[in-house]
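What follows is a short report on a single structure.
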Amino acid sequence: WEENKSTHTTKTEGGGTRTETTYSYGQTWSEHLINSGSFDDSSSYQNPSSMPYSSQEFAADPIALGSYTLSNDLVNKINWYSDLNNDGSLISVDNISDEYAQQNMVVYDNGFYMGDNPGSPDVGDTKIKFRYIPEGTVSLIAAQTGSTFSSYATKRGRGSILLLRSGYHSADDLFTLAERDNAIVTWLVRLVGFVVMYMGLKMVSQPLEVVLDRIPFVGRFAGDLMGGATSIVTCIVAAALSISTIALAWFVYRPLLTFSLLGIVGGLVYLMKRKVESKRYGEADHEVPLVDTTPIYKDGHSGVDFV
């Protein structure tokens, strides 16, 4: 069994919150034990306390590339697995050395199955499948060290290069693929940093919502309004701070791009400032203008007007 839970939080009068958690359970295949003792309803949904078999990986030693052998670092980069096709010669219960497993397992799909009915799995059943990495052509960039390969140290001494891909690739293609992979990982890390920064700024502004929530009658509406406004502001601030951090990190390697990003940050700040000023001036346009006046009065005896 696998437990899934969903949480829903609503505001209450007086600035408090109420959290409701819903639990659901479903059957799933898992390579690891799922502790049912931590379930909210552990009495109704129970998993086995142990697994008869665990996943294992076997690597040939050595792995040859022509007249050379691959180092452990290169072997760890090999991950293009394929399912082992069952032709009846490799996958057979006769090849199982364990007597209990030989009596209780049947051949199913590209592996073995231990249970009453493979078409209707039950909790506690075991399914074993096999995958392998076939022989084939590989392309690599590394430093040749005797009969094997090691990481190539760059001339600037700021890193090392060790690339391996399945199939035939030119050196330019390998570098292009490596740059693409690095770019994806880098932007994912930056996205996580932006989200963390946004959440931190949002937590700082959270007390404002709580204060407004405590206002009688209109508190919840005012708190939601303030929450929406602070979300927009904190998003803009988090974006500006994230871009600034990225720009400073790139200053050594890409100074032109650094100044471009800082220009974007300056543009965001300028737009926010203009928006605040336009709103302030818009309010001022509705005010009644003041006019300097000079009083005129008349002398009652002579009938002459004086300024």
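By convention in this document, the chains of the structure tokens carry letters A, B, ... by their order, each chain's residues are numbered from 1, and ligands are numbered from 1 in the order they are shown.
Near range 144-158 of chain A, within 10 Å and counting only C-alpha atoms, sit Ala64, Leu65, Ser67, Tyr68, Thr69, Leu70, Ser71, Asn72, Asp73, Leu74, Leu140, Ile141, Ile161, Leu162 and Leu163 of chain A; same-chain residues fewer than 3 positions away were not included.
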Please extract the residues of range 59-225 of chain A with a backbone DSSP assignment of strand (DSSP E) and present them as a ChimeraX atom specification. /A:64-65,68-69,82-83,105-108,111-114,126-129,131-132,138-141,143-145,148-150,152-153,160-161,163-166
- Item | Gly136 in chain A surroundings by only C-alpha atoms, 10 Å radius, close-in-sequence under 2 positions cut, as a PyMOL selection string | chain A and resi 65+133-134+138+166-168
Could the residues in this selection be written to a file with C-alpha atoms, as a PDB file, in the first residue's frame?
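Output file again00.pdb is given in full below:
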ATOM      1  CA  LEU A  65      36.558  -0.432 -25.428  1.00  0.00           C
ATOM      2  CA  ILE A 133      23.102  -2.633 -21.437  1.00  0.00           C
ATOM      3  CA  PRO A 134      23.854  -4.136 -24.864  1.00  0.00           C
ATOM      4  CA  VAL A 138      30.253   4.768 -27.614  1.00  0.00           C
ATOM      5  CA  SER A 166      26.071   6.041 -26.528  1.00  0.00           C
ATOM      6  CA  GLY A 167      26.543   5.939 -30.306  1.00  0.00           C
ATOM      7  CA  TYR A 168      28.852   7.888 -32.581  1.00  0.00           C
TER       8      TYR A 168
END
Which of these residues is nearest to Tyr45 in chain A, using only C-alpha atoms: A:Thr245, A:Thr19, A:Gln27, A:Thr9?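 Answer, going by the shortest atom-to-atom distance: A:Gln27.
Among the candidates A:Tyr108, A:Gly263, A:Asp83, A:Gln102, the residue lying nearest to Tyr132 in chain A is A:Asp83 (atoms considered: only C-alpha atoms).
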